[in-house]
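Novice: TSV, C-alpha atoms and all ligand atoms, saved as coords08.tsv, coming up:
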```
chain	number	residue	atom	x	y	z
A	180	MET	CA	-7.26	-31.74	43.94
A	181	THR	CA	-4.51	-34.02	42.72
A	182	LEU	CA	-4.45	-36.96	40.34
A	183	ARG	CA	-4.63	-40.51	41.68
A	184	GLY	CA	-1.34	-42.43	42.00
A	185	SER	CA	-2.54	-44.87	39.33
A	186	HIS	CA	-2.98	-42.07	36.77
A	187	PRO	CA	-0.59	-42.84	33.83
A	188	LEU	CA	1.23	-39.53	34.19
A	189	VAL	CA	1.72	-39.96	37.95
A	190	SER	CA	2.60	-43.69	37.87
A	191	GLY	CA	5.20	-42.95	35.18
A	192	THR	CA	3.51	-44.91	32.37
A	193	THR	CA	3.32	-41.86	30.07
A	194	ALA	CA	5.61	-39.41	31.90
A	195	ASN	CA	8.53	-39.91	29.51
A	196	ALA	CA	6.52	-40.37	26.33
A	197	PRO	CA	7.82	-38.16	23.47
A	198	LEU	CA	4.61	-36.06	23.56
A	199	ILE	CA	4.89	-35.26	27.26
A	200	ALA	CA	8.64	-34.61	27.01
A	201	ALA	CA	8.15	-32.08	24.18
A	202	MET	CA	5.21	-30.44	25.94
A	203	THR	CA	7.26	-29.93	29.08
A	204	GLY	CA	10.41	-28.66	27.38
A	205	ARG	CA	12.42	-31.87	27.77
A	206	THR	CA	14.17	-33.68	24.92
A	207	PRO	CA	11.89	-36.37	23.44
A	208	SER	CA	13.22	-39.75	22.25
A	209	ARG	CA	11.59	-39.06	18.87
A	210	ARG	CA	9.71	-36.13	17.34
A	211	PRO	CA	6.15	-36.46	18.67
A	212	VAL	CA	3.34	-36.14	16.13
A	213	TRP	CA	-0.45	-36.45	16.25
A	214	PHE	CA	-3.20	-34.96	14.09
A	215	MET	CA	-6.27	-32.97	15.06
A	216	ARG	CA	-9.26	-34.99	13.76
A	217	GLN	CA	-7.04	-38.04	13.28
A	218	ALA	CA	-10.07	-40.15	14.17
A	219	GLY	CA	-12.95	-39.80	11.80
A	220	ARG	CA	-14.08	-39.85	8.25
A	221	SER	CA	-10.67	-40.20	6.61
A	222	LEU	CA	-10.53	-43.76	8.03
A	223	PRO	CA	-12.57	-46.58	6.40
A	224	GLU	CA	-12.57	-48.49	9.70
A	225	TYR	CA	-14.21	-45.45	11.33
A	226	ARG	CA	-16.88	-45.17	8.65
A	227	GLU	CA	-17.63	-48.86	9.03
A	228	LEU	CA	-17.93	-48.74	12.83
A	229	ARG	CA	-20.00	-45.53	12.84
A	230	ALA	CA	-22.43	-46.67	10.10
A	231	GLY	CA	-25.99	-46.31	11.39
A	232	THR	CA	-25.01	-44.68	14.72
A	233	ASP	CA	-25.65	-40.99	15.33
A	234	MET	CA	-22.53	-38.91	16.09
A	235	ILE	CA	-23.40	-37.97	19.69
A	236	ALA	CA	-24.71	-41.49	20.42
A	237	SER	CA	-21.36	-42.89	19.28
A	238	CYS	CA	-19.56	-40.47	21.62
A	239	LEU	CA	-21.69	-41.72	24.53
A	240	ASP	CA	-21.04	-45.42	23.82
A	241	PRO	CA	-17.81	-46.00	25.80
A	242	ALA	CA	-16.71	-49.07	23.83
A	243	MET	CA	-17.30	-47.35	20.49
A	244	ALA	CA	-15.71	-44.02	21.49
A	245	SER	CA	-12.69	-45.91	22.81
A	246	GLU	CA	-12.29	-48.05	19.68
A	247	ILE	CA	-12.56	-44.98	17.41
A	248	THR	CA	-9.91	-43.19	19.52
A	249	LEU	CA	-7.56	-46.17	19.15
A	250	GLN	CA	-8.00	-46.66	15.38
A	251	PRO	CA	-5.63	-43.91	14.19
A	252	VAL	CA	-3.05	-44.75	16.89
A	253	ARG	CA	-2.84	-48.33	15.60
A	254	ARG	CA	-2.89	-47.34	11.96
A	255	HIS	CA	-0.51	-44.36	11.93
A	256	ASP	CA	1.76	-44.95	14.98
A	257	VAL	CA	1.05	-41.39	16.15
A	258	ASP	CA	2.41	-40.31	19.55
A	259	ALA	CA	-0.97	-39.62	21.15
A	260	GLY	CA	-4.60	-40.57	21.02
A	261	ILE	CA	-7.09	-37.68	20.93
A	262	PHE	CA	-10.23	-38.70	22.78
A	263	PHE	CA	-13.11	-39.28	20.40
A	264	SER	CA	-15.95	-37.01	21.37
A	265	ASP	CA	-17.11	-33.55	20.37
A	266	ILE	CA	-17.08	-30.10	21.93
A	267	VAL	CA	-20.91	-30.08	22.14
A	268	VAL	CA	-21.19	-33.46	23.92
A	269	PRO	CA	-21.12	-31.90	27.44
A	270	LEU	CA	-23.80	-29.40	26.35
A	271	GLN	CA	-26.03	-32.31	25.37
A	272	LEU	CA	-25.20	-34.05	28.67
A	273	ALA	CA	-26.26	-30.89	30.52
A	274	GLY	CA	-29.63	-31.18	28.82
A	275	LEU	CA	-29.41	-28.79	25.86
A	276	ASP	CA	-31.19	-29.75	22.66
A	277	VAL	CA	-28.19	-30.14	20.32
A	278	THR	CA	-27.41	-32.58	17.55
A	279	ILE	CA	-24.53	-32.90	15.09
A	280	LYS	CA	-25.72	-32.77	11.52
A	281	PRO	CA	-23.38	-34.59	9.10
A	282	GLY	CA	-21.69	-32.15	6.74
A	283	VAL	CA	-22.98	-29.17	8.77
A	284	GLY	CA	-21.91	-29.39	12.43
A	285	PRO	CA	-23.66	-28.65	15.73
A	286	VAL	CA	-27.31	-27.57	15.41
A	287	PHE	CA	-29.50	-26.48	18.36
A	288	GLY	CA	-33.28	-26.83	18.70
A	289	GLU	CA	-33.34	-23.07	19.18
A	290	PRO	CA	-30.64	-20.40	19.52
A	291	ILE	CA	-29.78	-19.49	23.14
A	292	ASN	CA	-29.17	-15.75	23.33
A	293	THR	CA	-31.72	-13.96	25.52
A	294	PRO	CA	-31.15	-12.98	29.18
A	295	GLU	CA	-34.01	-15.31	30.18
A	296	GLN	CA	-32.53	-18.27	28.31
A	297	VAL	CA	-29.07	-17.67	29.75
A	298	ALA	CA	-30.46	-17.38	33.30
A	299	ALA	CA	-32.29	-20.70	32.81
A	300	LEU	CA	-29.29	-22.70	31.55
A	301	PRO	CA	-29.15	-26.08	33.34
A	302	ARG	CA	-26.38	-27.29	35.63
A	303	LEU	CA	-24.30	-30.22	34.47
A	304	ASP	CA	-24.79	-33.17	36.83
A	305	ALA	CA	-21.35	-34.69	37.54
A	306	ALA	CA	-22.72	-38.23	37.02
A	307	ALA	CA	-23.77	-37.31	33.47
A	308	LEU	CA	-20.08	-37.44	32.52
A	309	ASN	CA	-19.78	-41.12	33.51
A	310	PRO	CA	-19.85	-42.46	29.91
A	311	ILE	CA	-16.95	-40.09	29.16
A	312	ARG	CA	-14.98	-41.30	32.17
A	313	GLU	CA	-15.64	-44.93	31.23
A	314	ALA	CA	-14.53	-44.40	27.61
A	315	VAL	CA	-11.32	-42.71	28.79
A	316	ARG	CA	-10.56	-45.57	31.22
A	317	LEU	CA	-11.05	-48.21	28.49
A	318	THR	CA	-8.86	-46.22	26.10
A	319	VAL	CA	-6.01	-45.51	28.50
A	320	ALA	CA	-5.83	-49.21	29.45
A	321	GLU	CA	-5.24	-50.07	25.78
A	322	LEU	CA	-2.87	-47.18	25.01
A	323	GLY	CA	-0.24	-48.14	27.60
A	324	SER	CA	2.69	-45.74	27.29
A	325	THR	CA	1.04	-43.68	24.52
A	326	PRO	CA	-0.63	-40.65	26.13
A	327	LEU	CA	-4.29	-39.81	25.64
A	328	ILE	CA	-5.12	-36.14	25.05
A	329	GLY	CA	-8.44	-34.95	26.45
A	330	PHE	CA	-10.11	-31.83	25.07
A	331	ALA	CA	-12.91	-29.32	25.39
A	332	GLY	CA	-14.28	-26.46	23.36
A	333	ALA	CA	-13.36	-23.00	24.61
A	334	PRO	CA	-16.25	-20.94	25.97
A	335	PHE	CA	-16.31	-18.54	23.00
A	336	THR	CA	-16.53	-21.35	20.44
A	337	LEU	CA	-19.28	-23.11	22.41
A	338	ALA	CA	-21.18	-19.86	22.99
A	339	ALA	CA	-20.83	-18.98	19.31
A	340	TYR	CA	-22.73	-22.16	18.39
A	341	MET	CA	-25.32	-21.58	21.12
A	342	VAL	CA	-26.04	-17.95	20.23
A	343	GLU	CA	-26.38	-18.67	16.51
A	344	GLY	CA	-28.02	-22.06	17.06
A	345	LYS	CA	-25.90	-23.43	14.21
A	346	PRO	CA	-22.51	-22.96	12.53
A	347	SER	CA	-21.84	-19.52	11.11
A	348	ARG	CA	-19.04	-17.90	9.19
A	349	ASP	CA	-18.60	-14.52	10.88
A	350	HIS	CA	-20.02	-15.19	14.35
A	351	LEU	CA	-21.90	-11.89	14.25
A	352	GLY	CA	-24.44	-13.05	16.85
A	353	PRO	CA	-22.03	-13.68	19.73
A	354	ARG	CA	-19.86	-10.68	18.82
A	355	ARG	CA	-22.94	-8.46	18.81
A	356	LEU	CA	-24.21	-9.88	22.12
A	357	MET	CA	-20.97	-9.20	24.02
A	358	HIS	CA	-21.31	-5.48	23.22
A	359	ALA	CA	-25.11	-5.15	23.32
A	360	ASP	CA	-25.59	-6.98	26.62
A	361	PRO	CA	-22.23	-7.65	28.32
A	362	GLU	CA	-23.92	-9.10	31.39
A	363	THR	CA	-25.84	-11.75	29.48
A	364	TRP	CA	-22.71	-12.51	27.47
A	365	ALA	CA	-20.67	-12.93	30.66
A	366	GLY	CA	-23.31	-15.26	32.11
A	367	LEU	CA	-23.28	-17.38	28.98
A	368	ALA	CA	-19.48	-17.44	28.71
A	369	ASP	CA	-19.10	-18.39	32.38
A	370	TRP	CA	-21.67	-21.16	32.02
A	371	ALA	CA	-19.84	-22.52	28.99
A	372	ALA	CA	-16.51	-22.22	30.85
A	373	ASP	CA	-17.79	-24.32	33.74
A	374	ILE	CA	-19.12	-27.00	31.37
A	375	SER	CA	-15.84	-27.05	29.42
A	376	GLY	CA	-13.76	-27.21	32.56
A	377	ALA	CA	-15.83	-30.09	33.95
A	378	PHE	CA	-15.68	-32.03	30.66
A	379	LEU	CA	-11.91	-31.65	30.37
A	380	LYS	CA	-11.30	-32.36	34.04
A	381	ALA	CA	-13.34	-35.59	33.87
A	382	GLN	CA	-11.15	-36.82	30.99
A	383	ILE	CA	-7.90	-35.93	32.76
A	384	GLU	CA	-8.95	-37.49	36.07
A	385	ALA	CA	-10.01	-40.67	34.26
A	386	GLY	CA	-6.53	-41.01	32.73
A	387	ALA	CA	-5.81	-38.52	29.94
A	388	SER	CA	-2.20	-37.27	30.25
A	389	ALA	CA	-2.67	-33.89	28.52
A	390	GLY	CA	-5.50	-31.61	27.47
A	391	GLN	CA	-6.36	-29.24	24.67
A	392	LEU	CA	-8.75	-26.31	24.65
A	393	PHE	CA	-10.13	-25.69	21.14
A	394	ASP	CA	-11.11	-22.09	20.46
A	395	SER	CA	-11.77	-22.82	16.81
A	396	TRP	CA	-13.69	-19.60	16.13
A	397	GLY	CA	-11.63	-17.23	18.31
A	398	GLY	CA	-10.02	-15.88	15.16
A	399	SER	CA	-13.13	-13.81	14.43
A	400	LEU	CA	-12.39	-11.59	17.46
A	401	SER	CA	-10.32	-8.41	17.71
A	402	PRO	CA	-7.56	-8.54	20.34
A	403	ALA	CA	-9.43	-5.97	22.45
A	404	ASP	CA	-12.66	-8.00	22.42
A	405	TYR	CA	-10.72	-11.20	23.05
A	406	ARG	CA	-9.07	-9.73	26.15
A	407	ARG	CA	-12.23	-8.19	27.55
A	408	TYR	CA	-14.96	-10.68	26.69
A	409	VAL	CA	-13.29	-14.02	26.12
A	410	LEU	CA	-9.95	-14.46	27.90
A	411	PRO	CA	-11.57	-14.41	31.39
A	412	SER	CA	-13.88	-17.31	30.52
A	413	SER	CA	-11.13	-19.37	28.83
A	414	THR	CA	-9.01	-18.84	31.95
A	415	ARG	CA	-11.97	-19.97	34.04
A	416	ALA	CA	-12.37	-23.13	31.92
A	417	LEU	CA	-8.72	-24.11	32.37
A	418	ALA	CA	-8.44	-23.21	36.08
A	419	PRO	CA	-9.79	-26.49	37.56
A	420	VAL	CA	-7.64	-28.47	35.13
A	421	LYS	CA	-4.50	-26.41	35.55
A	422	GLU	CA	-4.24	-27.41	39.19
A	423	LEU	CA	-3.98	-31.07	38.14
A	424	GLY	CA	-0.56	-30.33	36.62
A	425	VAL	CA	-0.95	-31.92	33.17
A	426	PRO	CA	0.33	-30.17	30.01
A	427	LEU	CA	-2.42	-28.07	28.42
A	428	VAL	CA	-2.55	-26.88	24.80
A	429	HIS	CA	-4.55	-23.82	23.75
A	430	PHE	CA	-5.43	-23.78	20.06
A	431	GLY	CA	-7.42	-21.51	17.80
A	432	VAL	CA	-7.89	-20.99	14.08
A	433	GLY	CA	-6.93	-17.67	12.50
A	434	THR	CA	-5.67	-16.51	15.89
A	435	GLY	CA	-2.24	-15.22	14.86
A	436	GLU	CA	-3.09	-11.76	16.25
A	437	LEU	CA	-4.27	-13.29	19.54
A	438	LEU	CA	-1.42	-15.70	20.33
A	439	ALA	CA	0.12	-13.70	23.17
A	440	ASP	CA	-3.28	-12.99	24.76
A	441	MET	CA	-4.45	-16.60	24.41
A	442	ASN	CA	-1.23	-17.74	26.05
A	443	ARG	CA	-2.34	-16.03	29.27
A	444	ALA	CA	-5.29	-18.40	29.80
A	445	GLY	CA	-3.37	-20.93	31.90
A	446	ASN	CA	-2.18	-23.28	29.14
A	447	THR	CA	1.41	-24.58	29.00
A	448	VAL	CA	1.64	-25.14	25.21
A	449	MET	CA	0.36	-22.97	22.34
A	450	GLY	CA	-1.25	-24.56	19.31
A	451	VAL	CA	-0.55	-22.61	16.14
A	452	ASP	CA	-2.65	-22.80	12.99
A	453	TYR	CA	-1.03	-23.03	9.56
A	454	ARG	CA	-1.13	-19.29	8.87
A	455	VAL	CA	1.69	-18.25	11.23
A	456	PRO	CA	5.16	-19.85	10.83
A	457	LEU	CA	6.31	-21.41	14.11
A	458	ASP	CA	9.42	-19.20	14.44
A	459	GLU	CA	7.17	-16.16	14.01
A	460	ALA	CA	4.76	-17.57	16.64
A	461	GLU	CA	7.72	-18.08	18.97
A	462	ALA	CA	8.67	-14.41	18.50
A	463	ARG	CA	5.10	-13.22	19.08
A	464	LEU	CA	5.00	-15.20	22.34
A	465	GLY	CA	8.28	-13.74	23.53
A	466	GLY	CA	9.97	-17.15	23.66
A	467	GLY	CA	9.91	-20.00	26.14
A	468	VAL	CA	6.59	-21.58	25.14
A	469	PRO	CA	6.42	-25.12	23.68
A	470	LEU	CA	4.50	-25.05	20.40
A	471	GLN	CA	2.19	-27.44	18.57
A	472	GLY	CA	1.62	-27.35	14.83
A	473	ASN	CA	1.38	-26.48	12.02
A	474	ILE	CA	1.49	-28.44	8.75
A	475	ASP	CA	-1.06	-26.97	6.34
A	476	PRO	CA	-3.83	-29.62	5.90
A	477	ALA	CA	-4.06	-28.62	2.23
A	478	LEU	CA	-0.58	-30.05	1.67
A	479	LEU	CA	-1.83	-33.56	2.56
A	480	GLY	CA	-3.40	-33.61	-0.89
A	481	ALA	CA	-0.66	-31.78	-2.78
A	482	GLY	CA	1.67	-34.68	-3.56
A	483	TRP	CA	4.47	-36.21	-1.47
A	484	ASP	CA	7.29	-33.93	-2.63
A	485	ALA	CA	5.42	-30.74	-1.75
A	486	LEU	CA	4.26	-32.20	1.59
A	487	ARG	CA	7.78	-33.37	2.47
A	488	GLU	CA	9.33	-29.99	1.66
A	489	HIS	CA	6.66	-28.13	3.66
A	490	THR	CA	7.07	-30.52	6.62
A	491	ILE	CA	10.84	-29.99	6.67
A	492	ASP	CA	10.21	-26.24	6.82
A	493	VAL	CA	7.74	-26.70	9.72
A	494	LEU	CA	10.24	-28.89	11.64
A	495	ALA	CA	13.05	-26.39	11.06
A	496	ARG	CA	10.95	-23.43	12.27
A	497	GLY	CA	9.63	-25.43	15.24
A	498	ALA	CA	13.21	-25.80	16.49
A	499	ALA	CA	12.95	-22.17	17.70
A	500	ALA	CA	10.62	-23.26	20.53
A	501	PRO	CA	11.64	-25.09	23.74
A	502	GLY	CA	9.49	-28.03	22.62
A	503	HIS	CA	7.68	-28.91	19.39
A	504	VAL	CA	4.70	-31.23	19.05
A	505	VAL	CA	4.19	-31.80	15.34
A	506	ASN	CA	0.58	-31.52	14.19
A	507	LEU	CA	-1.50	-30.04	11.41
A	508	GLY	CA	-2.49	-26.37	11.47
A	509	HIS	CA	-6.16	-27.54	11.69
A	510	GLY	CA	-8.00	-30.84	11.37
A	511	VAL	CA	-7.47	-33.73	8.94
A	512	PRO	CA	-9.77	-33.10	5.95
A	513	PRO	CA	-12.37	-35.90	5.51
A	514	ASP	CA	-10.98	-36.68	2.04
A	515	ALA	CA	-7.37	-37.07	3.22
A	516	ASP	CA	-5.64	-40.28	2.10
A	517	PRO	CA	-4.83	-42.23	5.31
A	518	GLU	CA	-1.72	-43.68	3.64
A	519	VAL	CA	-0.30	-40.18	3.27
A	520	LEU	CA	-0.79	-39.62	7.00
A	521	THR	CA	0.99	-42.88	7.86
A	522	ARG	CA	3.89	-41.98	5.56
A	523	LEU	CA	4.07	-38.50	7.07
A	524	VAL	CA	4.33	-39.89	10.62
A	525	GLU	CA	7.07	-42.28	9.48
A	526	PHE	CA	8.97	-39.41	7.86
A	527	ILE	CA	8.70	-37.13	10.93
A	528	HIS	CA	9.91	-39.95	13.18
A	529	SER	CA	12.87	-40.53	10.83
A	530	VAL	CA	14.24	-37.01	11.34
A	531	PRO	CA	16.60	-37.25	14.33
A	532	VAL	CA	15.73	-35.08	17.34
A	533	GLY	CA	17.91	-31.99	17.49
A	534	ALA	CA	19.15	-32.41	13.91
A	535	ASP	CA	18.53	-29.69	11.32
A	536	PRO	CA	15.88	-31.31	9.10
A	537	ARG	CA	17.03	-29.40	5.98
A	601	LIG	O1	-9.82	-36.99	16.12
A	601	LIG	C1	-10.21	-36.01	16.79
A	601	LIG	O2	-9.77	-34.86	16.63
A	601	LIG	C2	-11.14	-36.30	17.96
A	601	LIG	C3	-12.46	-35.93	17.96
A	601	LIG	C4	-13.04	-34.54	17.72
A	601	LIG	C5	-14.25	-34.37	17.01
A	601	LIG	N1	-14.65	-33.08	17.11
A	601	LIG	C6	-14.96	-35.45	16.33
A	601	LIG	C7	-15.93	-35.12	15.27
A	601	LIG	C8	-12.67	-33.29	18.21
A	601	LIG	C9	-11.43	-32.90	18.99
A	601	LIG	C10	-13.71	-32.37	17.81
A	601	LIG	C11	-13.72	-30.95	18.20
A	601	LIG	C12	-14.63	-30.04	17.51
A	601	LIG	N2	-15.94	-30.21	17.16
A	601	LIG	C13	-14.27	-28.72	17.19
A	601	LIG	C14	-12.93	-28.10	17.47
A	601	LIG	C15	-11.91	-28.54	16.50
A	601	LIG	C16	-11.99	-27.93	15.12
A	601	LIG	O3	-12.20	-28.69	14.17
A	601	LIG	O4	-11.82	-26.71	15.02
A	601	LIG	C17	-15.37	-28.11	16.58
A	601	LIG	C18	-15.44	-26.72	16.02
A	601	LIG	C19	-16.43	-29.06	16.58
A	601	LIG	C20	-17.82	-28.90	16.08
A	601	LIG	C21	-18.09	-29.88	14.99
A	601	LIG	N3	-18.41	-31.19	15.20
A	601	LIG	C22	-17.95	-29.69	13.58
A	601	LIG	C23	-17.61	-28.38	12.91
A	601	LIG	C24	-18.19	-30.93	12.97
A	601	LIG	C25	-18.10	-31.28	11.51
A	601	LIG	C26	-19.41	-31.40	10.82
A	601	LIG	C27	-19.24	-32.09	9.49
A	601	LIG	O5	-19.79	-33.18	9.35
A	601	LIG	O6	-18.57	-31.53	8.60
A	601	LIG	C28	-18.48	-31.85	13.99
A	601	LIG	C29	-18.75	-33.29	13.83
A	601	LIG	C30	-17.61	-34.18	14.14
A	601	LIG	N4	-16.87	-34.12	15.29
A	601	LIG	C31	-17.14	-35.27	13.35
A	601	LIG	C32	-16.09	-35.87	14.06
A	601	LIG	C33	-15.30	-37.07	13.69
A	601	LIG	C34	-17.73	-35.70	12.04
A	601	LIG	C35	-18.96	-36.50	12.33
A	601	LIG	C36	-19.20	-37.65	11.41
A	601	LIG	O7	-18.29	-38.43	11.12
A	601	LIG	O8	-20.38	-37.77	11.04
```
Show how you would write the structure in this file as C-alpha cells.
Specialist:
Amino acid sequence: MTLRGSHPLVSGTTANAPLIAAMTGRTPSRRPVWFMRQAGRSLPEYRELRAGTDMIASCLDPAMASEITLQPVRRHDVDAGIFFSDIVVPLQLAGLDVTIKPGVGPVFGEPINTPEQVAALPRLDAAALNPIREAVRLTVAELGSTPLIGFAGAPFTLAAYMVEGKPSRDHLGPRRLMHADPETWAGLADWAADISGAFLKAQIEAGASAGQLFDSWGGSLSPADYRRYVLPSSTRALAPVKELGVPLVHFGVGTGELLADMNRAGNTVMGVDYRVPLDEAEARLGGGVPLQGNIDPALLGAGWDALREHTIDVLARGAAAPGHVVNLGHGVPPDADPEVLTRLVEFIHSVPVGADPR
C-alpha cells in the first residue's frame, strides 16, 4: 500500500515543514514544537464548543473534531495539529461498551479479561472509521502546510484499560494476566494491535503526515515483560502504518528503562517523557534517533523565568539527537494558562536552529 499522490506529504505540501524535517533528520527552518493534549480543557474555546456534548460523541462529529484540532494551531502557532480523538474511540467503533468519564478517563461496561471474552471480541468494520477519515480530511484542508499528526493507543495501554475496565494506578490486572494466561493475553494484545493499527492507518491515509503511538502506561512494565508480552503487539500495530513511509513517534510515560526496547517497534522517532534528559535518552538509544520532548508540564505553572531556564536546558540537550521535535514530557495539564503556552512557542521559535540556546 502507498499513499495517494494528493496526500500532503506526497504532494509536497507538508514535506518540508519544520516538524517533518526534524523527524527525518533534516535541518528545519525553525525549531518545531507542538504539545501533547494541546487541544482540550486548557482552552476556553474548547470548553465552549464541547459544552453539552459527550467526549466520544464530539470525537465522532467530523466538523467538531476538526475545529477542536485546529483551535490550538490557530492560537499558539504550533508546528503541528494533533488529531482530536481518543485512544478508546476505535474500541467504541468496534462495538465495545466504553465511555469517557470526565475527570476519570475511559470506563467499560464490564472488564474484558476472560478467555471467553477475548475470543468473542468483535472485528472492527472498516466503514466504522469513516467519521475519523472525514474529520482528518476537513482538518488537513484547513491546515495547509502545517502537518497533522495522527495517533493511536499502544496495545498494552488499551488492554490495560480493557482488563481493569477503568483507569488504574499499577495496572496489576493486565500484568497478572500476561503471566497467568499468556495465550489469552496474546489474543487480547493482538486484537488491540489490529484496532490501533487500523485507527492510525485510517488517519494517515486520509491526510495525516505523521503518527504517534501512545503507550502511556508502558512504564509499569519491567524490561523483560515489555520485550516478551508487549513489544510484539506494538510492532504489529505499527506494521501496516510503517509501510506508508510517514514519520512515526513512539511515546510512553515512565519508560526510561524501556527506551531502547520500545525503539525496536518500527517507529522512526522516540518520544521521551520529562524524567529522562534528552542527551541521556540519546545515549540509551545508542545515537541516531530523532527525539521528541520533554519539557516538564509542571514547569508551565512555575513562573516564566523557571520555565524559560528549563526550556533552554531541554533545547541544549536535544541538540545531541539528529532531530529534535520540542514537546512536553506528557500532556498539557487542564489548568495550564494558554497564554504561557503561546509565549513558550514564541520563545522556542526565537532560538535560531543550530545555535546553542544557552
Ligand atoms: O490534543 C491532543 O493531544 C489530542 C487529543 C487526545 C485526547 N486523548 C483527547 C482527550 C489524545 C492524543 C488522547 C490520548 C489519550 N487518551 C491517552 C494517551 C495520552 C496520555 O495522556 O498519556 C490516554 C491515556 C487517554 C485516555 C484518556 N482519555 C484519559 C486518561 C482522559 C482524561 C480523563 C479526564 O477527564 O481527566 C481522557 C479524556 C480526554 N481525551 C480528554 C481529552 C481532551 C478530556 C475530555 C474532556 O474534555 O472532557
Novice: What does the list of residues within 6 Å of ligand LIG 601 (chain A) look like if you count only C-alpha atoms and all ligand atoms, written as a list in words?
Specialist: Met215, Arg216, Gln217, Ala218, Gly219, Arg220, Met234, Ile261, Phe262, Phe263, Ser264, Asp265, Ile266, Ile279, Pro281, Gly282, Val283, Gly284, Pro285, Phe393, Ser395 and Gly510 of chain A
Novice: Please return, as number ranges by chain, all polymer residues that have at least one atom within 12 Å of the point (-29.2, -33.8, 23.2); use only C-alpha atoms and the file's own coordinate frame.
Specialist: A: 233-236, 238-239, 267-279, 285-288
Novice: Compare A:Ala416, A:Ala499, A:Ile311, A:Val257 by their minimum atom-to-atom distance to Asp373 of chain A, counting only C-alpha atoms, and give me the closest one.
Specialist: A:Ala416
Novice: Which residues of segment 360-478 of chain A sit at most 12 Å from segment 522-536 of chain A, using all atoms listed in the file? Give each one's shortest atom pair and distance in Å (one decimal place), in chain and ascending residue order, as JSON lines.
Specialist:
```
{"residue": "A:Ile474", "atom": "CA", "partner": "A:Leu523", "partner_atom": "CA", "distance": 10.5}
{"residue": "A:Pro476", "atom": "CA", "partner": "A:Leu523", "partner_atom": "CA", "distance": 11.9}
{"residue": "A:Leu478", "atom": "CA", "partner": "A:Leu523", "partner_atom": "CA", "distance": 11.1}
```
Novice: Between A:Pro187, A:Pro197, A:Pro419, A:Pro513, which is the closest to Glu321 of chain A once you count all atoms listed in the file?
Specialist: A:Pro187
Novice: Name all residues at most 8 Å from Ile291 of chain A (count only C-alpha atoms; drop same-chain ones fewer than 2 positions away) and give them as a PDB file with C-alpha atoms, keeping the file's coordinate frame.
Specialist:
```
ATOM      1  CA  GLU A 289     -33.340 -23.070  19.180  1.00  0.00           C
ATOM      2  CA  THR A 293     -31.720 -13.960  25.520  1.00  0.00           C
ATOM      3  CA  GLN A 296     -32.530 -18.270  28.310  1.00  0.00           C
ATOM      4  CA  VAL A 297     -29.070 -17.670  29.750  1.00  0.00           C
ATOM      5  CA  MET A 341     -25.320 -21.580  21.120  1.00  0.00           C
ATOM      6  CA  VAL A 342     -26.040 -17.950  20.230  1.00  0.00           C
ATOM      7  CA  GLU A 343     -26.380 -18.670  16.510  1.00  0.00           C
ATOM      8  CA  GLY A 344     -28.020 -22.060  17.060  1.00  0.00           C
TER       9      GLY A 344
END
```
Novice: Using Å and a single decimal, report how far atom CA of Glu488 of chain A sits from atom CA of Asp475 of chain A.
Specialist: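 One can read the atom CA of Asp475 of chain A to atom CA of Glu488 of chain A distance as 11.8 Å.
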Novice: Can you pull out the residues contacting Leu351 of chain A? Cut-off 9 Å, using all atoms listed in the file, and skip same-chain residues under 5 positions away; I want them as number ranges by chain.
Specialist: A: 339, 343, 356, 399
Novice: Which residue is closest to Arg496 of chain A? Choose from A:Val455, A:Ala244, A:Ala372, A:Ala305 and count only C-alpha atoms.
Specialist: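 Nearest candidate to Arg496 of chain A out of A:Val455, A:Ala244, A:Ala372, A:Ala305: A:Val455.
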Novice: Using all atoms listed in the file, find the one residue out of A:Ala385, A:Ala444, A:Ala320, A:Leu507 that sits nearest to Thr414 of chain A.
Specialist: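 With all atoms listed in the file as the atom set, the closest residue is A:Ala444.
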Novice: Atom CA of Gln250 of chain A and atom CA of Val451 of chain A are how many Å apart?
Specialist: 25.2 Å
Novice: Between A:Val504, A:Val428, A:Leu464, A:Ala331, which one has atoms that come closest to Ala196 of chain A, using all atoms listed in the file?
Specialist: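 Closest to Ala196 of chain A, using all atoms listed in the file: A:Val504.
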Novice: What is the atom CA of Arg205 of chain A-atom CA of Gly502 of chain A distance in Å, reported with one decimal?
Specialist: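 Going from atom CA of Arg205 of chain A over to atom CA of Gly502 of chain A, I get 7.1 Å.
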Novice: Looking at all atoms listed in the file, which of A:Ile383, A:Leu249, A:Ala338, A:Leu327 is the one that sits closest to Asn292 of chain A?
Specialist: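 Residue with the minimum atom-to-atom distance to Asn292 of chain A: A:Ala338.
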Novice: Give as a ChimeraX atom specification every residue, naming chains and numbers as the document does, that has an atom within 8 Å of (-9.6, -30.7, 25.8), counting all atoms listed in the file.
Specialist: /A:328-332,378-379,390-393
Novice: At a cut-off of 7 Å, using all atoms listed in the file, what residues contact Asn473 of chain A? Leave out same-chain residues fewer than 4 positions from it and give the result as a PyMOL selection string.
Specialist: chain A and resi 451-453+493+505-508
Novice: Neighbours of Ser401 of chain A within 12 Å (all atoms listed in the file; same-chain residues fewer than 6 positions away dropped), as a list in words?
Specialist: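 Non-adjacent residues within range: Arg354, Arg407, Tyr408, Val409, Leu410, Gly433, Thr434, Gly435, Glu436, Leu437, Leu438 and Asp440 of chain A.
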Novice: Got a sec: who's within 10 Å of Val519 of chain A, counting only C-alpha atoms, leaving out chain neighbours fewer than 2 positions off, as a ChimeraX atom specification?
Specialist: /A:255,479-480,482-483,486,515-517,521-525
